[in-house]
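Note sheet for the following structure.
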Protein chains: 4
Amino acid sequence: MVVIMHQGAPKREIGQVLAALQHRGLEPRIISPEDRVVIGVVEEMDQASIPKLREALAGLKGVEEVEEFGSAWKLASRDFRSQRTVVRVGERTVGGPGVAVMAGPCAVESRDSIISLANVLAGAGASFLRGGAFKPRTSPYSFRGLGREGLEYLAQAGKESGLKVVTEVLRPGEVELVARYADILQIGARNMQNFALLEAAGDQGQPVLLKRGLMATVKEFLLSAEYILARGNPGVILCERGIRTFETATRNTLDLAAVPLLKQLSHLPVVVDPSHAAGKRELVPALALAAVAAGADGIMVEVHPDPDRALSDGRQSLTPEMFRALAKGLEPVAELSRGLLGEG
Amino acid sequence: MVVIMHQGAPKREIGQVLAALQHRGLEPRIISPEDRVVIGVVEEMDQASIPKLREALAGLKGVEEVEEFGSAWKLASRDFRSQRTVVRVGERTVGGPGVAVMAGPCAVESRDSIISLANVLAGAGASFLRGGAFKPRTSPYSFRGLGREGLEYLAQAGKESGLKVVTEVLRPGEVELVARYADILQIGARNMQNFALLEAAGDQGQPVLLKRGLMATVKEFLLSAEYILARGNPGVILCERGIRTFETATRNTLDLAAVPLLKQLSHLPVVVDPSHAAGKRELVPALALAAVAAGADGIMVEVHPDPDRALSDGRQSLTPEMFRALAKGLEPVAELSRGLLGEG
Amino acid sequence: MVVIMHQGAPKREIGQVLAALQHRGLEPRIISPEDRVVIGVVEEMDQASIPKLREALAGLKGVEEVEEFGSAWKLASRDFRSQRTVVRVGERTVGGPGVAVMAGPCAVESRDSIISLANVLAGAGASFLRGGAFKPRTSPYSFRGLGREGLEYLAQAGKESGLKVVTEVLRPGEVELVARYADILQIGARNMQNFALLEAAGDQGQPVLLKRGLMATVKEFLLSAEYILARGNPGVILCERGIRTFETATRNTLDLAAVPLLKQLSHLPVVVDPSHAAGKRELVPALALAAVAAGADGIMVEVHPDPDRALSDGRQSLTPEMFRALAKGLEPVAELSRGLLGEG
Amino acid sequence: MVVIMHQGAPKREIGQVLAALQHRGLEPRIISPEDRVVIGVVEEMDQASIPKLREALAGLKGVEEVEEFGSAWKLASRDFRSQRTVVRVGERTVGGPGVAVMAGPCAVESRDSIISLANVLAGAGASFLRGGAFKPRTSPYSFRGLGREGLEYLAQAGKESGLKVVTEVLRPGEVELVARYADILQIGARNMQNFALLEAAGDQGQPVLLKRGLMATVKEFLLSAEYILARGNPGVILCERGIRTFETATRNTLDLAAVPLLKQLSHLPVVVDPSHAAGKRELVPALALAAVAAGADGIMVEVHPDPDRALSDGRQSLTPEMFRALAKGLEPVAELSRGLLGEG
């Protein structure tokens, strides 16, 4: 159950609602990160007692609405916040004007290579540098990234190139470490329902780029975002990166309908990663253009100076030249599309 | 097995190849619809005898290449034909310059409504009129369309508006009837592997718009196109319309990666139907723009003058106003994309 | 809309209902194949006029119930027929006591091989012989079966071995031909929504084994059965054979939950084909036992005297020895399961 | 890369291999939990240097085999261990003789209810008590279980009833806590690729029941088991519980082909949870029987004394009466099946 207070409700009124709930043995929590106070009751309640409780709460001062939403998202919803969220990272934005372009290698391989690539990307139209220091690997025997060393290289590359750094965090215990080096924390597709990790990401202050799970419905995706928002971190970026289907000609199936759908259901910015979905570099430019035509606020693509020698995902990495050509076209297509689709 | 003759190989040489094959108890067929003769042997052959046969054929005059391709498409392949196929319907084209815009109601409902809508669509940027006279229905008790009467209305609407007519054919026995009224025959997703229907469509001369099955891989899709091509009809248009996945927030999942993939694998034109995939009209414009940004040669959308009263698929039909706004934007986005992606 | 008459309603009363419907411009059809008359109205009706019509019909003599069921199955439902349907083929049954065991090669390859195999299978516990004379093939260039010749060999093999013959029909125009040779007509997964074929199969008198489509929901499966039932053919056998999923370690994913579900929703018998789902012979026995443990009325398996030399599907065909061992175990497991699950 | 030592290779020889690897800048780890030493090298190596290294290692004493297996499981494989693993929990076994029957509520709701239910289940044929104290929830606002209190109730119920306790652990930081109360730690479907959790579970000594992810292939499933095995915990039980497909008539699609497939590929025991896959209690008994007929070593089912009042998953919970009837039939069916399928 959620109790939404009027904007500007004074502390006294908020306190009365909290007391009324505690009095009934519940543990209300203030969950709103934003411009109005929302009091959440996480416990499931005896169905029979709910109507009476609603009535009692509705009678209190300052209460605007009482809602039950057992299985649905709330803070991520456009009903909750009608303006679009703009995630700000220094002077860069995601969800603001212009397409946010995130590019970089699958994994950080060495200091020199990441710094040199970052400079190239910055000159070719990127504003964010992606790259894995901690890599989730299906097999325990695969290369898992350079770890803390990789984070240092990334941060340095970001500093030298002026790009903001996006990198994945795999474990709740490493959130603090990654947040020290990264501008945006990425939670990968395999961890979309790793609730401990979502909460740890919600408990710190850096923005979070949350990737949709391979098996996740749009609804489940928003509920995972809700985990982060409910801990008080409003800076959530949703990232569509393909779902698993029967088709094997591509690595995954990019679900671009999720872009307008997420923007209809939620105020959060939406970016698209066509590289992992396509699995083949020659399909990436077409899908990246399609993503911004569909209204995406940004794209994230893998770029490697020499894809055929990449330690991972080389097959789907663009060359710097392909990236440069693509990056030039993103904003013009996005602009046309914004004019046609409206601002959502 | 397929024997590809040199361009301009004289009849005498072709005859010798046919004779060589018949001599071995095989039934060769001339399957090439195009600028060079291809002789196909449909029968599976004793594996052991193949090398000897290849050798014998390769020694004959006029033979350019002998290939086996048990499970793969051939005539649909870019290896077979390096130029892109342009399907011409009167002065209109699919796969030529410009986006082919196909629009109309799910089902033809009455003479007046279809004529009046066709005129509106023609003024709003459509070049093809879609509409079902024979409707495939999951339940035997649902409305199955007006049948022959619907065909007549469609043809009349096409004539008055100047639009070319695309309509679905469901049964091999009705191909001739539908071809009399329609400019392009549509084979629907449920019939993508109805091989009797594919062959009947291949045996007549009108172009065929073949929709990808809900469960079909890109490879199976091309093999179904191959059925039509192999009967001598070169005018095949491939139509991506969404596949079935676990996601239920949309009716199907539009697989836009199939667009660049099909254009890489095949010389046939590719159009996209975002209406059936989205299942919700408000998602259609974003997906239509995404389709042309990804390189589609055309789009097919459902439009109804009063969607909420449509006999079928009203939820996903655009209003004429939405269509007009969308149609204006398609060519500019496509043009930008062509510049960036190259001509494929 | 469907009007269900009382059991034994006299012709006069039936005539009055028909007249009442025709009077309103509708085309009622008698669709019931069974012990009571059901009058169906296929046309969609003006929603506003329905309540009045229902009232008028309910007032007529002999009318038991008036129902609308736009998108749902009716004749296939257990509501319609509480007893289980037993399909009888001579002295053999499907859905009666005992497990119906259908076995044979993917494709009929020669007269001698099919006759010899049929005799082996009859001695090893089979009661039905399966085998393809007309093969649906994804590629137009693959072996499509022996055709009419294959039918003749099958019929002869059936006669000599005492097995009843099940074989696939691919085209409406071949239904009559196949029905002349086969005891049960099979409609394959790719044709589950080939409505012209379903209707042709419904218009003749042999039982029909209908395979579930690779991407068909249980609901769509029952609606396809409804097409056959609605033409007056009550002898429909449902066959679960695996659906298409992301898993590639098996050819398809056998959905055994469909067995109890179909038996809960419908009175029709249910058999399971584990061969096509598994795609690997060593998985077939475990899945066949699982199928009868789950309540299946029969199984259909591919058996080949020399699987590694089979023209098609050899990888998933049992050897005769494997089949003999399996067949022995089916009835004991089924009997235990019947005792535990009840008769459904 | 993995170096497998001869059985009984002396420490000196093991040390030489370790030294040879360290000398080349690698960090070898001893990963074998079992009867022979396996030395793993996690780092990816320069492809060019591998042949030379293999040769050098093969020349050392005590080395049986040197293998690369970048993307494949090794310790979970039947190649690695030809005997089947029997997981022992006190006097109970999973993978030993007899079907392991795990039953209990979705979530622990109170001390009295879990103790009373445990006693009923023990009398009705269960040997393990399942029940959630920490519940993974898609929504942050749903009931998340009683936590540590629930663990205490479970342990007490286990003690009083004689059942061994299986319960889920959600976070690496809670592994130690859960291991103090539980006999078997469960890792749920959503966490199948939560590698931090897998490693934490591998670092402690209790057996682990690992559920297959909703979108995980059999191969990925085994690689996740490998994570646990590679940390030295040999007691891994694989649990098939349904995958996500397009079918919505059941909650998930139980993939019973995974049972014989997993037993072919791996030596680990396999159990099946039909409750979550079916989502409807009336389908559970048929699927449980099917599971043991397919060769499963055990089943895990949800049972609730009053399913319609359960706090979660009531729709799919058996009543105690249903469970009693089912439990009686499991061993007889399993025994028949073992006789027919062999011991695998």
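Scheme for the structure tokens: letters A, B, ... for chains in order shown; per-chain residue numbers from 1; ligand numbers from 1 in order shown.
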
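Secondary structure from DSSP on the backbone puts strand (DSSP E) at the following positions of range 102-243 of chain D: D:Met102, D:Ala103, D:Gly104, D:Phe128, D:Leu129, D:Arg130, D:Lys164, D:Val165, D:Val166, D:Thr167, D:Glu168, D:Ile184, D:Leu185, D:Gln186, D:Ile187, D:Val208, D:Leu209, D:Leu210, D:Lys211, D:Val236, D:Ile237, D:Leu238, D:Cys239, D:Glu240.
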
To test your reading of the structure, identify every residue in range 41-276 of chain A that backbone DSSP assigns to helix (DSSP H, G or I), and report it as a PyMOL selection string.
chain A and resi 47-58+111-124+148-161+172-181+189-191+195-202+218-229+258-265+274-276

Just need the residues of chain B within 8 Å of chain D, counting only C-alpha atoms, so spit them out as number ranges by chain.
B: 244-247

I'd like to know which of D:Val208, D:Val87, D:Ala107, D:Leu326 is closest to Ser224 in chain D, using only C-alpha atoms.
D:Val208

Name all residues at most 6 Å from Arg212 in chain C (count only C-alpha atoms; drop same-chain ones fewer than 4 positions away) and give them as a ChimeraX atom specification.
/C:189,221,240

Write out as an MDAnalysis selection string each polymer residue whose atoms come within 6 Å of Ala294 in chain B, counting only C-alpha atoms; drop sequence neighbours fewer than 5 positions from it.
chainID A and resid 286:287 290

Could you dump the residues just selected with N, CA, C and O atoms as a PDB file, in the first residue's frame?
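And here's again.pdb as it stands now:
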```pdb
ATOM      1  N   ALA A 286      22.205  -0.107 -38.673  1.00  0.00           N
ATOM      2  CA  ALA A 286      20.774  -0.058 -39.005  1.00  0.00           C
ATOM      3  C   ALA A 286      19.928  -0.064 -37.734  1.00  0.00           C
ATOM      4  O   ALA A 286      18.943   0.674 -37.615  1.00  0.00           O
ATOM      5  N   LEU A 287      20.315  -0.881 -36.759  1.00  0.00           N
ATOM      6  CA  LEU A 287      19.521  -0.966 -35.534  1.00  0.00           C
ATOM      7  C   LEU A 287      19.690   0.275 -34.655  1.00  0.00           C
ATOM      8  O   LEU A 287      18.752   0.688 -33.972  1.00  0.00           O
ATOM      9  N   ALA A 290      17.493   2.823 -36.167  1.00  0.00           N
ATOM     10  CA  ALA A 290      16.107   2.464 -35.864  1.00  0.00           C
ATOM     11  C   ALA A 290      15.763   2.827 -34.431  1.00  0.00           C
ATOM     12  O   ALA A 290      14.659   3.291 -34.140  1.00  0.00           O
TER      13      ALA A 290
END
```

Long-range neighbours of Ala291 in chain C as a list in words, 9 Å cut-off, only C-alpha atoms, 6 positions minimum in chain:
Leu256, Val259, Val271, Val272, Asp273, Pro274, Asp297, Gly298, Ile299 and Ala334 of chain C; Ala290, Ala293 and Ala294 of chain D

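Here CA of Val292 in chain D is placed at a distance of 23.2 Å from CA of Pro269 in chain C.
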
Close residues, Arg180 in chain B itself excluded, 10 Å, only C-alpha atoms, min 4 positions apart in chain, as a PyMOL selection string
chain B and resi 151-152+155+175-176+206

Need to verify the contact set: Ser275 in chain D, 8 Å, only C-alpha atoms, exclusion of same-chain residues closer than 2 positions in sequence. Can you return it as JSON, numbers by chain?
{"D": [241, 273, 277, 278, 279, 280, 281, 284, 300, 301, 302, 316, 317]}

Export N, CA, C and O atoms of the chosen residues as a PDB file, in the first residue's frame?
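The new file part_19.pdb reads:
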```
ATOM      1  N   ARG D 241      12.579 -26.403 -13.546  1.00  0.00           N
ATOM      2  CA  ARG D 241      11.350 -25.836 -12.983  1.00  0.00           C
ATOM      3  C   ARG D 241      10.539 -25.061 -14.003  1.00  0.00           C
ATOM      4  O   ARG D 241       9.678 -24.273 -13.643  1.00  0.00           O
ATOM      5  N   ASP D 273      10.646 -29.460 -10.318  1.00  0.00           N
ATOM      6  CA  ASP D 273       9.621 -28.720  -9.582  1.00  0.00           C
ATOM      7  C   ASP D 273       8.470 -28.449 -10.537  1.00  0.00           C
ATOM      8  O   ASP D 273       8.538 -27.514 -11.341  1.00  0.00           O
ATOM      9  N   ALA D 277       6.119 -24.430 -12.681  1.00  0.00           N
ATOM     10  CA  ALA D 277       5.901 -24.494 -14.123  1.00  0.00           C
ATOM     11  C   ALA D 277       4.409 -24.517 -14.444  1.00  0.00           C
ATOM     12  O   ALA D 277       3.932 -23.807 -15.322  1.00  0.00           O
ATOM     13  N   ALA D 278       3.678 -25.361 -13.709  1.00  0.00           N
ATOM     14  CA  ALA D 278       2.256 -25.516 -14.020  1.00  0.00           C
ATOM     15  C   ALA D 278       1.479 -24.264 -13.641  1.00  0.00           C
ATOM     16  O   ALA D 278       0.668 -23.758 -14.411  1.00  0.00           O
ATOM     17  N   GLY D 279       1.713 -23.797 -12.424  1.00  0.00           N
ATOM     18  CA  GLY D 279       0.967 -22.633 -11.964  1.00  0.00           C
ATOM     19  C   GLY D 279      -0.470 -22.951 -11.591  1.00  0.00           C
ATOM     20  O   GLY D 279      -1.215 -22.061 -11.192  1.00  0.00           O
ATOM     21  N   LYS D 280      -0.854 -24.206 -11.773  1.00  0.00           N
ATOM     22  CA  LYS D 280      -2.228 -24.616 -11.444  1.00  0.00           C
ATOM     23  C   LYS D 280      -2.152 -25.976 -10.764  1.00  0.00           C
ATOM     24  O   LYS D 280      -1.622 -26.923 -11.349  1.00  0.00           O
ATOM     25  N   ARG D 281      -2.717 -26.078  -9.589  1.00  0.00           N
ATOM     26  CA  ARG D 281      -2.517 -27.305  -8.807  1.00  0.00           C
ATOM     27  C   ARG D 281      -3.014 -28.561  -9.510  1.00  0.00           C
ATOM     28  O   ARG D 281      -2.429 -29.621  -9.353  1.00  0.00           O
ATOM     29  N   VAL D 284      -0.374 -30.448 -11.452  1.00  0.00           N
ATOM     30  CA  VAL D 284       0.873 -30.852 -10.780  1.00  0.00           C
ATOM     31  C   VAL D 284       1.055 -32.366 -10.682  1.00  0.00           C
ATOM     32  O   VAL D 284       2.134 -32.885 -10.999  1.00  0.00           O
ATOM     33  N   MET D 300      10.038 -31.633  -6.314  1.00  0.00           N
ATOM     34  CA  MET D 300       9.815 -30.609  -5.305  1.00  0.00           C
ATOM     35  C   MET D 300       8.449 -29.997  -5.610  1.00  0.00           C
ATOM     36  O   MET D 300       8.247 -29.478  -6.711  1.00  0.00           O
ATOM     37  N   VAL D 301       7.525 -30.108  -4.646  1.00  0.00           N
ATOM     38  CA  VAL D 301       6.182 -29.565  -4.898  1.00  0.00           C
ATOM     39  C   VAL D 301       5.747 -28.653  -3.763  1.00  0.00           C
ATOM     40  O   VAL D 301       6.152 -28.824  -2.612  1.00  0.00           O
ATOM     41  N   GLU D 302       4.911 -27.715  -4.119  1.00  0.00           N
ATOM     42  CA  GLU D 302       4.342 -26.832  -3.111  1.00  0.00           C
ATOM     43  C   GLU D 302       3.074 -27.451  -2.544  1.00  0.00           C
ATOM     44  O   GLU D 302       2.196 -27.891  -3.291  1.00  0.00           O
ATOM     45  N   GLN D 316      -1.132 -22.751  -7.105  1.00  0.00           N
ATOM     46  CA  GLN D 316      -0.391 -23.907  -7.588  1.00  0.00           C
ATOM     47  C   GLN D 316      -0.043 -24.892  -6.477  1.00  0.00           C
ATOM     48  O   GLN D 316       0.613 -25.904  -6.743  1.00  0.00           O
ATOM     49  N   SER D 317      -0.473 -24.613  -5.243  1.00  0.00           N
ATOM     50  CA  SER D 317      -0.140 -25.500  -4.130  1.00  0.00           C
ATOM     51  C   SER D 317      -1.115 -26.663  -4.045  1.00  0.00           C
ATOM     52  O   SER D 317      -2.334 -26.486  -4.160  1.00  0.00           O
TER      53      SER D 317
END
```

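In this model, the gap between CA of His6 in chain A and CA of Glu67 in chain A comes to 13.9 Å.
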